[in-house]
Amino acid sequence: MSQTISNGLFGAIGVTAIAYCLAAIGLNVHFGYTGLLNFGQAGFALVGGYAVAMPVMNWQWSIWATIPVVIIASSIFALLLGIPTLRLRSDYLAIVTIAAAEILRLLVSTPKLVHVTGATDGINSFTNDIQNTIPGFLKGKSVPLWEKQISDYEMWVMILGWFLVVLFSVGVWSLMRSPWGRVLRSIREDEDAARSLGKNVFAYKMTSLVLGGVIGGFGGAILVIGQRNASPGSFQTQFTFLTYAIIVLGGVGKVKGPIVGAMIFWFMINVSDNLLADWTDGSGFQLPTWVMDSSNFSFFRWILVGTGLVLLVIFRPQGIFGDKREQAFDVR
Amino acid sequence: MSDDAFADVPREPGAAKPEPILVADSVRRSFGGLTAVDVQHLEVQRNSITALIGPNGAGKTTFFNLLTGFDSPDSGEWAFNGTSMNGVSPYKAARKGMVRTFQLTKSLTRMSVMENMRLGATGQTGEKLWVAPFKFLWKTQEDAVTTRAEGLLARFKLDHMRDEFGGSLSGGQRKLLEMARALMVEPEMVMLDEPMAGVNPALKQSLLEHVKGLKDEGRTVLFVEHDMDMVHEIADWVVVMAEGQIIAEGPPSFIGANQAVIDAYLGAHQNTDLGV
């Protein structure tokens with residue numbers, strides 16, 4: 001049991017949670033504050049991830065030199081998606097983003113590009129610079145988290161990742177309390193009202209899409225660094241939908257929402273995964289095999305997660321940090 | 001400006017005004033086969049209250065949308081303060097001093113009344129991305145905006161609601177909020193789309209006073225309205241539209257007796273015995 005809880009805690013603060021948390025901070029800027037229906041956050045994460053891995057593998061760049069590449073590549077992706085769609089109704093952005101994210105994922109998995117993107121296997125061995133910069137106090141040690149041992153590399157990536165989470169959260173917080181953030185929220189509420197008051201709605205939506213996209217790009221970057229592998233399998237459409245689940249869980253349009261949402265979500269995923277594995281492994285307490293067995297429990301876990309989210313939306317639609325009063329108004 | 005401004009204005013469609021703030025020429029907009037707006041010529045007198053009336057489907061709101069850039073016409077041009085406004089986007093029209101409200105009020109429901117008001121202020125440095133994270137750079141301006149907003153809220157008797165969500169206001173209060181918010185832009189011309197729709201009679205009188213107050217401040221008001229009591233009470237000049245065209249213009253007393261207007265509202269043959 002303590003092993004299960006340890007794994008759950010590691011899930012809550014580990015690299016995957018950090019990556020999804022960053023993606024959720026970005027998506028919160030889009031959806032939570034501006035009301036943009038971005039269904040392609042996986043695409044932004046993919047761009048960020050490959051922006052780190054490709055220059056290192058193909059042109060032997062230092063991994064630190066790829067930071068501006070992440071920013072520039074995600075911004076260009078946002079501009080490409082935004083210029084044709086942000087003048088239109090919000091549904092068009094949703095369609096274009098989900099399609100673009102899939103196009104990108106299929107593009108990098110193309111066998112023809114195997115020398116550039118590694119196709120479906122992706123890119124490995126681009127993380128030497130991270131390995132070499134592990135600070136002395138961590139080097140060669142493993143950090144215990146109750147019964148779970150965290151390797152020095154994992155710990156170092158987690159430190160870098162949480163630094164980014166704090167950095168972007170503080171940034172988003174400082175922006176959203178300002179008049180700039182007020183314009184974003186007014187666009188979420190009613191963009192025609194914002195226009196009638198002299199606000200350049202298109203420019204604000206574009207800025208929001210770029211900003212949230214860049215943050216999502218860093219999420220993808222942390223994910224591939226943590227996995228030491230950049231492959232298309234990490235950026236399927238479920239990446240986007242889990243990110244939505246995280247911000248709904250934490251509270252849409254709240255700075256703390258993505259952080260707490262990601263931690264709870266990945267804690268639950270890891271705990272349920274461990275428990276169900278434990279209950280189907282042939283020793284100790286066992287679930288009847290007609291319910292599930294060791295080959296299909298991981299599917300069952302998603303059923304539990306889905307049920308949990310449905311219950312959340314019914315009984316606490318505002319999420320953990322949301323304001324109940326906001327839910328009282330029917331928007332549009 | 002006294003009402004005498006209209007003394008020499010001919011009582012006919014497209015009449016020239018002594019001091020027009022808005023001049024529109026041959027503005028046409030059709031949706032498929034339906035010509036929604038076909039205005040030959042219209043001038044709106046500066047610092048007056050002009051009412052735009054007409055039966056349902058006359059094209060009043062479409063005309064409003066065209067003038068404020070929310071819709072683009074098939075042809076035609078119009079100028080505000082002498083500047084051509086063709087193809088000018090809504091936010092630029094607002095910045096030039098032409099601010100509108102909407103028939104279905106657009107109060108920003110999940111923002112407080114005060115935030116609604118603050119949003120209206122133009123030229124806020126804190127609305128720039130690079131300035132926004134640094135509160136000390138926009139704090140002074142924000143305080144000034146807040147003071148101005150408090151003054152307007154008090155004038156519109158919404159000050160007790162200042163921290164409530166926009167969505168928790170009643171329909172009439174939303175109309176008031178929308179008007180107050182439009183004033184935060186400090187427009188030269190306020191365009192009100194059915195300011196009285198859904199407002200209870202008790203609130204109506206105070207809303208009328210607020211509209212009159214706009215004129216006293218030196219602003220120009222153009223409003224669409226179905227409530228003829230309101231039109232009679234506050235309008236200096238009435239423009240009547242029917243089937244997209246302007247069919248009559250004149251002071252309120254003149255309009256009530258105008259045959260073209262009666263025909264437009266009631267049909268041309270209401271007194272004819274059809275032999276049924």
# chains A, B, ... in the order shown; residues from 1 in each chain; ligands from 1
call {"tool": "closest_atom_pairs", "arguments": {"of": "chain A", "to": "chain B", "cutoff": "9 Å", "atoms": "only C-alpha atoms", "output": "tab-separated table"}}
result
residue	atom	partner	partner_atom	distance
A:Gly171	CA	B:Pro133	CA	7.1
A:Val172	CA	B:Pro133	CA	8.5
A:Trp173	CA	B:Pro133	CA	8.4
A:Ser174	CA	B:Pro133	CA	4.8
A:Leu175	CA	B:Pro133	CA	5.0
A:Met176	CA	B:Pro133	CA	8.4
A:Arg177	CA	B:Pro133	CA	8.3
A:Ser178	CA	B:Ala132	CA	5.4
A:Pro179	CA	B:Glu127	CA	5.0
A:Trp180	CA	B:Glu127	CA	3.9
A:Gly181	CA	B:Glu127	CA	7.7
A:Arg182	CA	B:Leu119	CA	6.9
A:Val183	CA	B:Leu119	CA	6.8
A:Arg185	CA	B:Met111	CA	7.8
A:Ser186	CA	B:Leu108	CA	6.3
A:Ile187	CA	B:Leu108	CA	8.9
A:Arg188	CA	B:Leu108	CA	8.7
A:Glu189	CA	B:Leu108	CA	5.3
A:Asp190	CA	B:Leu108	CA	6.5
A:Asp192	CA	B:Lys106	CA	8.1
A:Ala193	CA	B:Lys106	CA	6.0
A:Ala194	CA	B:Tyr91	CA	8.0
A:Arg195	CA	B:Tyr91	CA	4.7
A:Ser196	CA	B:Tyr91	CA	5.9
A:Leu197	CA	B:Gly120	CA	5.5
A:Gly198	CA	B:Tyr91	CA	3.8
A:Lys199	CA	B:Tyr91	CA	5.3
A:Asn200	CA	B:Tyr91	CA	5.8
A:Val201	CA	B:Tyr91	CA	8.0
A:Thr207	CA	B:Leu129	CA	8.5
A:Arg325	CA	B:Phe165	CA	8.5
A:Glu326	CA	B:Arg110	CA	5.8
A:Gln327	CA	B:Arg110	CA	8.8
A:Ala328	CA	B:Gly167	CA	8.6
A:Phe329	CA	B:Gly167	CA	6.1
A:Asp330	CA	B:Gly167	CA	8.5
A:Val331	CA	B:Thr109	CA	7.4
call {"tool": "residues_around", "arguments": {"residues": "segment 207-209 of chain B", "least_positions_apart": "2", "cutoff": "8 Å", "atoms": "only C-alpha atoms", "output": "list of chain:residue names"}}
result
B:Leu176, B:Met196, B:Leu203, B:Lys204, B:Gln205, B:Val211, B:Lys212, B:Gly213, B:Met230, B:Ile234
call {"tool": "select_by_dssp", "arguments": {"residues": "segment 102-272 of chain B", "states": "strand (DSSP E or B)", "output": "PDB file with N, CA and C atoms, in the first residue's frame"}}
result
ATOM      1  N   SER B 112     -17.140  41.610 -12.595  1.00  0.00           N
ATOM      2  CA  SER B 112     -17.901  42.471 -11.697  1.00  0.00           C
ATOM      3  C   SER B 112     -18.344  43.734 -12.441  1.00  0.00           C
ATOM      4  N   PHE B 165     -21.422  40.458  -9.762  1.00  0.00           N
ATOM      5  CA  PHE B 165     -21.169  40.021 -11.135  1.00  0.00           C
ATOM      6  C   PHE B 165     -22.157  40.694 -12.086  1.00  0.00           C
ATOM      7  N   MET B 189     -20.432  60.494 -29.834  1.00  0.00           N
ATOM      8  CA  MET B 189     -21.756  60.082 -30.264  1.00  0.00           C
ATOM      9  C   MET B 189     -22.082  58.743 -29.616  1.00  0.00           C
ATOM     10  N   VAL B 190     -23.247  58.679 -28.978  1.00  0.00           N
ATOM     11  CA  VAL B 190     -23.687  57.445 -28.340  1.00  0.00           C
ATOM     12  C   VAL B 190     -24.832  56.881 -29.163  1.00  0.00           C
ATOM     13  N   MET B 191     -24.705  55.616 -29.548  1.00  0.00           N
ATOM     14  CA  MET B 191     -25.755  54.991 -30.352  1.00  0.00           C
ATOM     15  C   MET B 191     -26.405  53.896 -29.527  1.00  0.00           C
ATOM     16  N   LEU B 192     -27.667  54.113 -29.178  1.00  0.00           N
ATOM     17  CA  LEU B 192     -28.355  53.190 -28.279  1.00  0.00           C
ATOM     18  C   LEU B 192     -29.345  52.354 -29.071  1.00  0.00           C
ATOM     19  N   ASP B 193     -29.182  51.051 -29.028  1.00  0.00           N
ATOM     20  CA  ASP B 193     -30.102  50.162 -29.744  1.00  0.00           C
ATOM     21  C   ASP B 193     -31.171  49.683 -28.768  1.00  0.00           C
ATOM     22  N   THR B 220     -23.818  63.590 -28.795  1.00  0.00           N
ATOM     23  CA  THR B 220     -24.879  63.359 -29.756  1.00  0.00           C
ATOM     24  C   THR B 220     -25.461  61.979 -29.477  1.00  0.00           C
ATOM     25  N   VAL B 221     -26.777  61.862 -29.538  1.00  0.00           N
ATOM     26  CA  VAL B 221     -27.395  60.564 -29.285  1.00  0.00           C
ATOM     27  C   VAL B 221     -28.213  60.161 -30.500  1.00  0.00           C
ATOM     28  N   LEU B 222     -27.985  58.953 -30.960  1.00  0.00           N
ATOM     29  CA  LEU B 222     -28.838  58.368 -31.993  1.00  0.00           C
ATOM     30  C   LEU B 222     -29.377  57.093 -31.398  1.00  0.00           C
ATOM     31  N   PHE B 223     -30.695  56.951 -31.320  1.00  0.00           N
ATOM     32  CA  PHE B 223     -31.212  55.733 -30.718  1.00  0.00           C
ATOM     33  C   PHE B 223     -32.329  55.106 -31.522  1.00  0.00           C
ATOM     34  N   VAL B 224     -32.369  53.783 -31.470  1.00  0.00           N
ATOM     35  CA  VAL B 224     -33.448  53.010 -32.082  1.00  0.00           C
ATOM     36  C   VAL B 224     -34.449  52.735 -30.984  1.00  0.00           C
ATOM     37  N   TRP B 237     -35.443  65.066 -33.010  1.00  0.00           N
ATOM     38  CA  TRP B 237     -35.659  64.814 -34.430  1.00  0.00           C
ATOM     39  C   TRP B 237     -35.902  63.318 -34.587  1.00  0.00           C
ATOM     40  N   VAL B 238     -36.802  62.968 -35.481  1.00  0.00           N
ATOM     41  CA  VAL B 238     -37.122  61.558 -35.650  1.00  0.00           C
ATOM     42  C   VAL B 238     -36.896  61.157 -37.101  1.00  0.00           C
ATOM     43  N   VAL B 239     -36.228  60.032 -37.282  1.00  0.00           N
ATOM     44  CA  VAL B 239     -36.018  59.482 -38.622  1.00  0.00           C
ATOM     45  C   VAL B 239     -36.789  58.181 -38.677  1.00  0.00           C
ATOM     46  N   VAL B 240     -37.638  58.022 -39.696  1.00  0.00           N
ATOM     47  CA  VAL B 240     -38.459  56.817 -39.791  1.00  0.00           C
ATOM     48  C   VAL B 240     -37.952  55.944 -40.930  1.00  0.00           C
ATOM     49  N   MET B 241     -37.695  54.682 -40.623  1.00  0.00           N
ATOM     50  CA  MET B 241     -37.284  53.729 -41.657  1.00  0.00           C
ATOM     51  C   MET B 241     -38.382  52.708 -41.879  1.00  0.00           C
ATOM     52  N   ALA B 242     -38.510  52.265 -43.106  1.00  0.00           N
ATOM     53  CA  ALA B 242     -39.402  51.156 -43.414  1.00  0.00           C
ATOM     54  C   ALA B 242     -38.822  50.426 -44.609  1.00  0.00           C
ATOM     55  N   GLN B 245     -35.558  51.714 -46.140  1.00  0.00           N
ATOM     56  CA  GLN B 245     -35.395  53.091 -46.610  1.00  0.00           C
ATOM     57  C   GLN B 245     -35.887  54.079 -45.572  1.00  0.00           C
ATOM     58  N   ILE B 246     -35.361  55.304 -45.701  1.00  0.00           N
ATOM     59  CA  ILE B 246     -35.867  56.369 -44.831  1.00  0.00           C
ATOM     60  C   ILE B 246     -37.091  56.954 -45.510  1.00  0.00           C
ATOM     61  N   ILE B 247     -38.235  56.890 -44.810  1.00  0.00           N
ATOM     62  CA  ILE B 247     -39.467  57.346 -45.458  1.00  0.00           C
ATOM     63  C   ILE B 247     -39.934  58.695 -44.926  1.00  0.00           C
ATOM     64  N   ALA B 248     -39.415  59.104 -43.770  1.00  0.00           N
ATOM     65  CA  ALA B 248     -39.836  60.398 -43.243  1.00  0.00           C
ATOM     66  C   ALA B 248     -38.821  60.893 -42.236  1.00  0.00           C
ATOM     67  N   GLU B 249     -38.760  62.214 -42.099  1.00  0.00           N
ATOM     68  CA  GLU B 249     -37.919  62.836 -41.074  1.00  0.00           C
ATOM     69  C   GLU B 249     -38.665  64.040 -40.560  1.00  0.00           C
ATOM     70  N   GLY B 250     -38.464  64.348 -39.307  1.00  0.00           N
ATOM     71  CA  GLY B 250     -39.111  65.541 -38.769  1.00  0.00           C
ATOM     72  C   GLY B 250     -39.115  65.517 -37.266  1.00  0.00           C
TER      73      GLY B 250
END
call {"tool": "select_by_dssp", "arguments": {"residues": "segment 142-216 of chain B", "states": "alpha helix (DSSP H)", "output": "JSON, numbers by chain"}}
result
{"B": [142, 143, 144, 145, 146, 147, 148, 149, 150, 151, 152, 153, 154, 155, 171, 172, 173, 174, 175, 176, 177, 178, 179, 180, 181, 182, 183, 184, 201, 202, 203, 204, 205, 206, 207, 208, 209, 210, 211, 212, 213, 214, 215, 216]}
call {"tool": "write_last_selection", "arguments": {"atoms": "C-alpha atoms", "output": "compact mmCIF listing (two decimals), in the first residue's frame"}}
result
# COMPACT_ATOMS: atom_id res chain seq x y z
CA GLU B 142 -6.17 52.39 -12.91
CA ASP B 143 -7.02 54.51 -9.86
CA ALA B 144 -8.07 57.39 -12.07
CA VAL B 145 -10.21 55.05 -14.20
CA THR B 146 -11.79 53.62 -11.03
CA THR B 147 -12.65 57.08 -9.72
CA ARG B 148 -14.29 57.99 -13.00
CA ALA B 149 -16.17 54.67 -13.05
CA GLU B 150 -17.40 55.26 -9.50
CA GLY B 151 -18.73 58.65 -10.51
CA LEU B 152 -20.65 57.18 -13.44
CA LEU B 153 -21.96 54.27 -11.35
CA ALA B 154 -23.26 56.73 -8.78
CA ARG B 155 -24.92 58.78 -11.51
CA GLY B 171 -32.47 43.44 -17.28
CA GLY B 172 -33.00 47.14 -16.58
CA GLN B 173 -29.82 47.41 -14.56
CA ARG B 174 -27.92 45.81 -17.43
CA LYS B 175 -29.23 48.51 -19.77
CA LEU B 176 -27.99 51.12 -17.31
CA LEU B 177 -24.64 49.39 -16.96
CA GLU B 178 -24.21 49.18 -20.70
CA MET B 179 -24.93 52.87 -21.09
CA ALA B 180 -22.60 53.79 -18.24
CA ARG B 181 -19.88 51.54 -19.67
CA ALA B 182 -20.26 53.17 -23.09
CA LEU B 183 -19.70 56.54 -21.41
CA MET B 184 -16.38 55.30 -20.02
CA PRO B 201 -41.77 51.62 -16.14
CA ALA B 202 -40.29 52.79 -12.84
CA LEU B 203 -36.79 52.67 -14.27
CA LYS B 204 -37.86 54.14 -17.60
CA GLN B 205 -38.14 57.68 -16.34
CA SER B 206 -34.65 57.67 -14.90
CA LEU B 207 -33.27 56.14 -18.08
CA LEU B 208 -34.91 58.97 -20.04
CA GLU B 209 -33.23 61.51 -17.79
CA HIS B 210 -29.89 59.80 -18.38
CA VAL B 211 -30.31 60.03 -22.14
CA LYS B 212 -31.22 63.71 -21.87
CA GLY B 213 -28.18 64.13 -19.65
CA LEU B 214 -25.97 62.88 -22.48
CA LYS B 215 -27.13 65.74 -24.66
CA ASP B 216 -26.55 68.25 -21.87
call {"tool": "residues_around", "arguments": {"residues": "Asn56 of chain B", "least_positions_apart": "2", "cutoff": "10 Å", "atoms": "only C-alpha atoms", "output": "PDB file with N, CA and C atoms, in the first residue's frame"}}
result
ATOM      1  N   ILE B  53     -36.808  55.302 -35.814  1.00  0.00           N
ATOM      2  CA  ILE B  53     -37.922  54.392 -35.546  1.00  0.00           C
ATOM      3  C   ILE B  53     -38.339  53.691 -36.828  1.00  0.00           C
ATOM      4  N   GLY B  54     -39.241  52.749 -36.674  1.00  0.00           N
ATOM      5  CA  GLY B  54     -39.729  52.027 -37.839  1.00  0.00           C
ATOM      6  C   GLY B  54     -40.267  50.691 -37.404  1.00  0.00           C
ATOM      7  N   ALA B  58     -37.447  46.832 -40.335  1.00  0.00           N
ATOM      8  CA  ALA B  58     -37.228  48.010 -41.171  1.00  0.00           C
ATOM      9  C   ALA B  58     -35.752  48.196 -41.506  1.00  0.00           C
ATOM     10  N   GLY B  59     -34.865  47.512 -40.786  1.00  0.00           N
ATOM     11  CA  GLY B  59     -33.431  47.630 -41.068  1.00  0.00           C
ATOM     12  C   GLY B  59     -32.703  48.575 -40.126  1.00  0.00           C
ATOM     13  N   LYS B  60     -33.334  48.917 -39.011  1.00  0.00           N
ATOM     14  CA  LYS B  60     -32.721  49.885 -38.089  1.00  0.00           C
ATOM     15  C   LYS B  60     -31.441  49.331 -37.468  1.00  0.00           C
ATOM     16  N   THR B  61     -31.541  48.102 -36.942  1.00  0.00           N
ATOM     17  CA  THR B  61     -30.377  47.522 -36.284  1.00  0.00           C
ATOM     18  C   THR B  61     -29.279  47.218 -37.299  1.00  0.00           C
ATOM     19  N   HIS B 226     -38.786  51.526 -30.007  1.00  0.00           N
ATOM     20  CA  HIS B 226     -40.171  51.238 -30.373  1.00  0.00           C
ATOM     21  C   HIS B 226     -41.137  51.986 -29.471  1.00  0.00           C
ATOM     22  N   MET B 241     -37.695  54.682 -40.623  1.00  0.00           N
ATOM     23  CA  MET B 241     -37.284  53.729 -41.657  1.00  0.00           C
ATOM     24  C   MET B 241     -38.382  52.708 -41.879  1.00  0.00           C
ATOM     25  N   ALA B 242     -38.510  52.265 -43.106  1.00  0.00           N
ATOM     26  CA  ALA B 242     -39.402  51.156 -43.414  1.00  0.00           C
ATOM     27  C   ALA B 242     -38.822  50.426 -44.609  1.00  0.00           C
ATOM     28  N   GLU B 243     -38.754  49.133 -44.534  1.00  0.00           N
ATOM     29  CA  GLU B 243     -38.209  48.295 -45.605  1.00  0.00           C
ATOM     30  C   GLU B 243     -36.844  48.793 -46.074  1.00  0.00           C
ATOM     31  N   TYR B 265     -46.563  51.757 -40.691  1.00  0.00           N
ATOM     32  CA  TYR B 265     -46.852  50.990 -39.476  1.00  0.00           C
ATOM     33  C   TYR B 265     -48.128  50.176 -39.599  1.00  0.00           C
TER      34      TYR B 265
END
call {"tool": "residues_around", "arguments": {"residues": "Val56 of chain A", "least_positions_apart": "5", "cutoff": "10 Å", "atoms": "only C-alpha atoms", "output": "compact mmCIF listing (two decimals) with C-alpha atoms, in the first residue's frame"}}
result
# COMPACT_ATOMS: atom_id res chain seq x y z
CA TYR A 50 10.64 18.44 -31.28
CA ALA A 51 12.06 21.97 -31.18
CA TRP A 61 23.16 22.11 -30.85
CA SER A 62 23.46 22.56 -27.13
CA ILE A 63 20.08 21.75 -25.59
CA TRP A 64 20.05 25.15 -23.86
CA ALA A 65 20.30 26.87 -27.23
CA THR A 66 16.98 25.29 -28.19
CA ILE A 123 14.46 10.87 -31.22
CA SER A 125 19.94 10.66 -26.88
CA PHE A 126 19.50 14.40 -27.04
CA THR A 127 19.62 14.87 -23.28
CA ASN A 128 23.36 14.64 -22.59
CA ASP A 129 23.53 18.33 -21.77
